[in-house]
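Student: Okay, so here is upload36.cif, and as you'll see once you scroll down, it has mmCIF, C-alpha atoms.
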```cif
data_upload
loop_
_atom_site.group_PDB
_atom_site.id
_atom_site.type_symbol
_atom_site.label_atom_id
_atom_site.label_comp_id
_atom_site.auth_asym_id
_atom_site.auth_seq_id
_atom_site.Cartn_x
_atom_site.Cartn_y
_atom_site.Cartn_z
ATOM 1 C CA VAL A 1 -4.503 49.770 -68.848
ATOM 2 C CA TYR A 2 -2.974 51.535 -65.866
ATOM 3 C CA SER A 3 0.674 52.507 -65.882
ATOM 4 C CA GLU A 4 2.716 54.318 -63.253
ATOM 5 C CA SER A 5 2.980 58.083 -63.559
ATOM 6 C CA PRO A 6 6.415 59.418 -64.404
ATOM 7 C CA ALA A 7 8.584 60.601 -61.539
ATOM 8 C CA TRP A 8 8.420 64.389 -61.642
ATOM 9 C CA PRO A 9 10.926 66.635 -59.912
ATOM 10 C CA LEU A 10 7.939 68.933 -59.353
ATOM 11 C CA LYS A 11 7.722 70.374 -55.813
ATOM 12 C CA ILE A 12 5.268 73.270 -56.291
ATOM 13 C CA PHE A 13 1.947 72.955 -58.115
ATOM 14 C CA LYS A 14 -0.097 76.112 -58.766
ATOM 15 C CA ILE A 15 -3.406 75.852 -60.565
ATOM 16 C CA ASP A 16 -5.206 78.915 -59.149
ATOM 17 C CA ASN A 17 -8.222 80.350 -61.002
ATOM 18 C CA ASN A 18 -8.664 77.396 -63.353
ATOM 19 C CA PRO A 19 -12.373 76.432 -63.475
ATOM 20 C CA LEU A 20 -11.840 72.713 -62.897
ATOM 21 C CA GLY A 21 -15.300 72.062 -61.460
ATOM 22 C CA ILE A 22 -14.294 68.739 -59.841
ATOM 23 C CA SER A 23 -14.281 67.229 -56.380
ATOM 24 C CA VAL A 24 -11.482 68.506 -54.178
ATOM 25 C CA GLY A 25 -10.932 64.938 -52.967
ATOM 26 C CA PHE A 26 -10.491 63.730 -56.541
ATOM 27 C CA LEU A 27 -7.923 66.439 -57.280
ATOM 28 C CA LEU A 28 -5.878 65.696 -54.164
ATOM 29 C CA ALA A 29 -6.013 61.957 -54.816
ATOM 30 C CA GLN A 30 -4.506 62.557 -58.258
ATOM 31 C CA LEU A 31 -1.701 64.629 -56.764
ATOM 32 C CA THR A 32 -0.691 62.008 -54.186
ATOM 33 C CA GLN A 33 1.589 60.339 -56.703
ATOM 34 C CA TYR A 34 4.000 63.262 -56.678
ATOM 35 C CA ALA A 35 6.355 64.556 -53.987
ATOM 36 C CA LEU A 36 4.676 67.946 -53.830
ATOM 37 C CA GLU A 37 5.528 70.401 -51.074
ATOM 38 C CA VAL A 38 3.168 73.198 -52.108
ATOM 39 C CA VAL A 39 -0.280 73.029 -53.712
ATOM 40 C CA HIS A 40 -2.210 76.174 -54.640
ATOM 41 C CA ALA A 41 -5.709 75.497 -55.994
ATOM 42 C CA LYS A 42 -7.494 78.746 -55.208
ATOM 43 C CA SER A 43 -10.804 79.547 -56.907
ATOM 44 C CA CYS A 44 -10.898 76.423 -59.084
ATOM 45 C CA ARG A 45 -14.592 75.615 -58.562
ATOM 46 C CA LEU A 46 -13.594 72.651 -56.405
ATOM 47 C CA HIS A 47 -16.438 71.173 -54.383
ATOM 48 C CA GLY A 48 -17.224 68.428 -51.901
ATOM 49 C CA TYR A 49 -15.017 67.161 -49.138
ATOM 50 C CA VAL A 50 -11.634 65.600 -48.388
ATOM 51 C CA ASN A 51 -11.594 62.350 -46.456
ATOM 52 C CA SER A 52 -8.568 60.356 -45.352
ATOM 53 C CA GLU A 53 -8.718 58.027 -48.365
ATOM 54 C CA ASP A 54 -8.277 60.977 -50.706
ATOM 55 C CA LEU A 55 -4.797 61.513 -49.300
ATOM 56 C CA TYR A 56 -3.538 58.040 -50.197
ATOM 57 C CA SER A 57 -2.236 57.315 -53.638
ATOM 58 C CA GLN A 58 -4.587 54.819 -55.254
ATOM 59 C CA VAL A 59 -4.544 52.948 -58.538
ATOM 60 C CA PRO A 60 -7.216 51.083 -60.484
ATOM 61 C CA LYS A 61 -7.653 47.478 -59.350
ATOM 62 C CA ASN A 62 -8.172 44.580 -61.732
ATOM 63 C CA GLY A 63 -11.865 43.833 -61.817
ATOM 64 C CA GLY A 64 -12.855 47.359 -60.746
ATOM 65 C CA GLY A 65 -12.407 49.660 -57.801
ATOM 66 C CA VAL A 66 -9.109 51.016 -56.508
ATOM 67 C CA GLU A 67 -6.325 49.917 -54.207
ATOM 68 C CA ALA A 68 -3.495 51.706 -52.436
ATOM 69 C CA ARG A 69 -0.415 52.091 -54.591
ATOM 70 C CA SER A 70 2.623 50.406 -53.093
ATOM 71 C CA GLY A 71 5.450 52.813 -52.356
ATOM 72 C CA ALA A 72 3.056 55.750 -52.628
ATOM 73 C CA ILE A 73 4.245 59.194 -51.709
ATOM 74 C CA ALA A 74 0.798 60.320 -50.544
ATOM 75 C CA MET A 75 1.050 63.817 -49.068
ATOM 76 C CA ASP A 76 4.159 63.104 -46.994
ATOM 77 C CA ASN A 77 6.044 66.196 -48.181
ATOM 78 C CA LEU A 78 3.169 68.673 -48.322
ATOM 79 C CA ARG A 79 3.863 71.866 -46.340
ATOM 80 C CA ILE A 80 1.367 74.300 -47.899
ATOM 81 C CA LEU A 81 -2.159 73.529 -49.079
ATOM 82 C CA ASP A 82 -4.217 76.488 -50.275
ATOM 83 C CA LEU A 83 -7.791 75.608 -51.227
ATOM 84 C CA SER A 84 -9.213 79.123 -50.792
ATOM 85 C CA GLY A 85 -12.261 80.330 -52.675
ATOM 86 C CA ASN A 86 -13.803 76.927 -53.393
ATOM 87 C CA ASP A 87 -17.080 75.210 -52.436
ATOM 88 C CA ILE A 88 -15.472 72.701 -50.100
ATOM 89 C CA GLN A 89 -17.816 71.424 -47.394
ATOM 90 C CA SER A 90 -15.489 69.554 -45.029
ATOM 91 C CA PHE A 91 -11.866 68.577 -44.585
ATOM 92 C CA GLY A 92 -10.685 65.637 -42.544
ATOM 93 C CA TYR A 93 -13.974 63.828 -41.989
ATOM 94 C CA ASN A 94 -14.780 60.424 -43.461
ATOM 95 C CA ASP A 95 -18.285 61.344 -44.602
ATOM 96 C CA LEU A 96 -18.490 58.326 -46.893
ATOM 97 C CA LEU A 97 -18.590 56.023 -43.877
ATOM 98 C CA GLY A 98 -22.126 57.189 -43.250
ATOM 99 C CA THR A 99 -21.446 58.773 -39.889
ATOM 100 C CA ALA A 100 -21.105 62.509 -40.154
ATOM 101 C CA SER A 101 -19.283 62.697 -36.817
ATOM 102 C CA THR A 102 -16.460 60.368 -37.891
ATOM 103 C CA CYS A 103 -13.273 62.360 -38.078
ATOM 104 C CA TRP A 104 -9.660 61.403 -38.487
ATOM 105 C CA GLN A 105 -7.824 60.528 -35.345
ATOM 106 C CA GLU A 106 -4.670 62.500 -34.612
ATOM 107 C CA GLN A 107 -2.578 59.503 -35.665
ATOM 108 C CA ILE A 108 -4.248 59.356 -39.095
ATOM 109 C CA TRP A 109 -3.889 63.112 -39.573
ATOM 110 C CA SER A 110 -0.212 63.082 -38.701
ATOM 111 C CA LEU A 111 0.473 60.094 -40.945
ATOM 112 C CA ARG A 112 -1.120 61.712 -43.978
ATOM 113 C CA LEU A 113 -0.234 65.377 -43.483
ATOM 114 C CA ARG A 114 2.665 65.206 -41.084
ATOM 115 C CA ARG A 115 4.606 68.182 -42.506
ATOM 116 C CA LEU A 116 1.659 70.479 -43.206
ATOM 117 C CA GLN A 117 2.368 74.003 -41.962
ATOM 118 C CA PHE A 118 -0.214 76.147 -43.776
ATOM 119 C CA LEU A 119 -3.794 75.212 -44.657
ATOM 120 C CA SER A 120 -6.204 77.744 -46.168
ATOM 121 C CA PHE A 121 -9.924 77.657 -46.849
ATOM 122 C CA ARG A 122 -10.321 81.439 -46.992
ATOM 123 C CA ASP A 123 -13.467 82.588 -48.827
ATOM 124 C CA SER A 124 -15.006 79.092 -48.883
ATOM 125 C CA PRO A 125 -18.681 79.826 -48.164
ATOM 126 C CA LEU A 126 -19.834 76.190 -47.851
ATOM 127 C CA LEU A 127 -17.145 74.998 -45.443
ATOM 128 C CA ARG A 128 -18.797 73.525 -42.356
ATOM 129 C CA ARG A 129 -16.112 71.373 -40.746
ATOM 130 C CA VAL A 130 -12.347 71.145 -40.447
ATOM 131 C CA ASN A 131 -10.873 68.258 -38.518
ATOM 132 C CA PRO A 132 -9.858 69.422 -35.009
ATOM 133 C CA ASN A 133 -6.352 68.115 -35.635
ATOM 134 C CA GLY A 134 -6.069 70.776 -38.320
ATOM 135 C CA TYR A 135 -6.068 73.256 -35.469
ATOM 136 C CA LYS A 136 -3.618 71.284 -33.338
ATOM 137 C CA LEU A 137 -1.045 70.137 -35.883
ATOM 138 C CA THR A 138 -1.014 72.895 -38.516
ATOM 139 C CA GLN A 139 1.031 76.000 -37.771
ATOM 140 C CA GLU A 140 -1.268 78.341 -39.712
ATOM 141 C CA LEU A 141 -4.929 77.751 -40.565
ATOM 142 C CA ASP A 142 -6.768 80.414 -42.593
ATOM 143 C CA VAL A 143 -10.557 80.175 -42.375
ATOM 144 C CA GLN A 144 -11.413 83.832 -42.963
ATOM 145 C CA ASN A 145 -14.788 84.404 -44.624
ATOM 146 C CA THR A 146 -16.153 80.905 -44.005
ATOM 147 C CA PRO A 147 -19.513 81.828 -42.445
ATOM 148 C CA LEU A 148 -20.788 78.270 -41.880
ATOM 149 C CA LEU A 149 -17.742 77.031 -39.986
#
```
Written as structure tokens, that's how I'd like the structure from this file.

Tutor:
Amino acid sequence: VYSESPAWPLKIFKIDNNPLGISVGFLLAQLTQYALEVVHAKSCRLHGYVNSEDLYSQVPKNGGGVEARSGAIAMDNLRILDLSGNDIQSFGYNDLLGTASTCWQEQIWSLRLRRLQFLSFRDSPLLRRVNPNGYKLTQELDVQNTPLL
């Protein structure tokens, strides 16, 4: 049975160098329930991609599946997101829709990550795509040592 997560005063979450071995989208989706301003998840063996749905707080739905949590925080307060040193393939593209060229519109990006100032994928060898709005709306974007980008 699902129950709401407790309200944490937590603003900064650092989990660097923990071998999680999970999807980066799954991790971020779990963190959307908290008013985090800083997330450091460097070298955690994260893989996959982040699509726009991963940045909405979701809860299990009766009968299966998930639905958006009412009153969700999402990533509204996030200023720093450091995902360096992971096997992330794309950020900001809705690859699950079946069209690889589908990317978030500027409006969607600014609704979900409106305060983001720093975004890092440094040393992420599998990174192929970052949403163009990441370049336009983020003050600092670190993509050093991402040879496929």

Student: Between CA of Ala29 (chain A) and CA of Gly85 (chain A), what is the spacing in Å?

Tutor: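 Calculated distance between CA of Gly85 (chain A) and CA of Ala29 (chain A) is 19.5 Å.
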
Student: Set the distance at 7 Å and use all atoms listed in the file: which residues neighbour His47 (chain A) once local chain neighbours fewer than 6 positions away are removed? I'd like the list as a list in words.

Tutor: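 Contacts, in chain order: Ile22, Ser23, Val24, Asn86, Asp87 and Ile88 of chain A.
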
Student: Counting all atoms listed in the file, what is within 9 Å of Asp76 (chain A), bar same-chain residues fewer than 4 positions away, as a PyMOL selection string?

Tutor: chain A and resi 32+35-37+111-116

Student: With distances taken over all atoms listed in the file, which residue among A:Pro147, A:Gly48, A:Gly92, A:Gly64 lies nearest Asn133 (chain A)?

Tutor: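 Checking each of A:Pro147, A:Gly48, A:Gly92, A:Gly64 against Asn133 (chain A), counting all atoms listed in the file, the winner is A:Gly92.
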
Student: I'd like the interatomic distance between CA of Arg45 (chain A) and CA of Lys136 (chain A), to a tenth of an Å.

Tutor: 27.8 Å

Student: Please indicate the distance in Å from CA of Pro9 (chain A) to CA of Met75 (chain A), rounded to one decimal place.

Tutor: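 Separation of CA of Pro9 (chain A) and CA of Met75 (chain A): 14.9 Å.
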
Student: Which one of A:Phe121, A:Phe13, A:Tyr93, A:Tyr135 sits closest to His40 (chain A) if you count all atoms listed in the file?

Tutor: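 Comparing A:Phe121, A:Phe13, A:Tyr93, A:Tyr135 against His40 (chain A), the winner is A:Phe13.
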
Student: Would you write out, as JSON, numbers by chain, every residue that the PyMOL selection byres ((chain A and resi 145) around 10) captures in this file?

Tutor: {"A": [84, 85, 121, 122, 123, 124, 125, 127, 142, 143, 144, 146, 147, 148, 149]}

Student: Write a file of the selected residues as a PDB file, in the coordinates of the input, keeping C-alpha atoms.

Tutor:
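Resulting contents of selection06.pdb:
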```pdb
ATOM      1  CA  SER A  84      -9.213  79.123 -50.792  1.00  0.00           C
ATOM      2  CA  GLY A  85     -12.261  80.330 -52.675  1.00  0.00           C
ATOM      3  CA  PHE A 121      -9.924  77.657 -46.849  1.00  0.00           C
ATOM      4  CA  ARG A 122     -10.321  81.439 -46.992  1.00  0.00           C
ATOM      5  CA  ASP A 123     -13.467  82.588 -48.827  1.00  0.00           C
ATOM      6  CA  SER A 124     -15.006  79.092 -48.883  1.00  0.00           C
ATOM      7  CA  PRO A 125     -18.681  79.826 -48.164  1.00  0.00           C
ATOM      8  CA  LEU A 127     -17.145  74.998 -45.443  1.00  0.00           C
ATOM      9  CA  ASP A 142      -6.768  80.414 -42.593  1.00  0.00           C
ATOM     10  CA  VAL A 143     -10.557  80.175 -42.375  1.00  0.00           C
ATOM     11  CA  GLN A 144     -11.413  83.832 -42.963  1.00  0.00           C
ATOM     12  CA  THR A 146     -16.153  80.905 -44.005  1.00  0.00           C
ATOM     13  CA  PRO A 147     -19.513  81.828 -42.445  1.00  0.00           C
ATOM     14  CA  LEU A 148     -20.788  78.270 -41.880  1.00  0.00           C
ATOM     15  CA  LEU A 149     -17.742  77.031 -39.986  1.00  0.00           C
TER      16      LEU A 149
END
```

Student: A:Leu141, A:Ile15, A:Leu119, A:Val130: which is nearest Ser43 (chain A), counting all atoms listed in the file?

Tutor: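 Of A:Leu141, A:Ile15, A:Leu119, A:Val130, the one nearest Ser43 (chain A) is A:Ile15, counting all atoms listed in the file.
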
Student: Measuring between all atoms listed in the file, which one of A:Tyr34, A:Phe26, A:Gln89, A:Glu53 shows the shortest distance to Leu126 (chain A)?

Tutor: A:Gln89

Student: Measuring between all atoms listed in the file, which one of A:Gly134, A:Leu83, A:Leu78, A:Leu31 shows the shortest distance to Ser120 (chain A)?

Tutor: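 Answer, going by the shortest atom-to-atom distance: A:Leu83.
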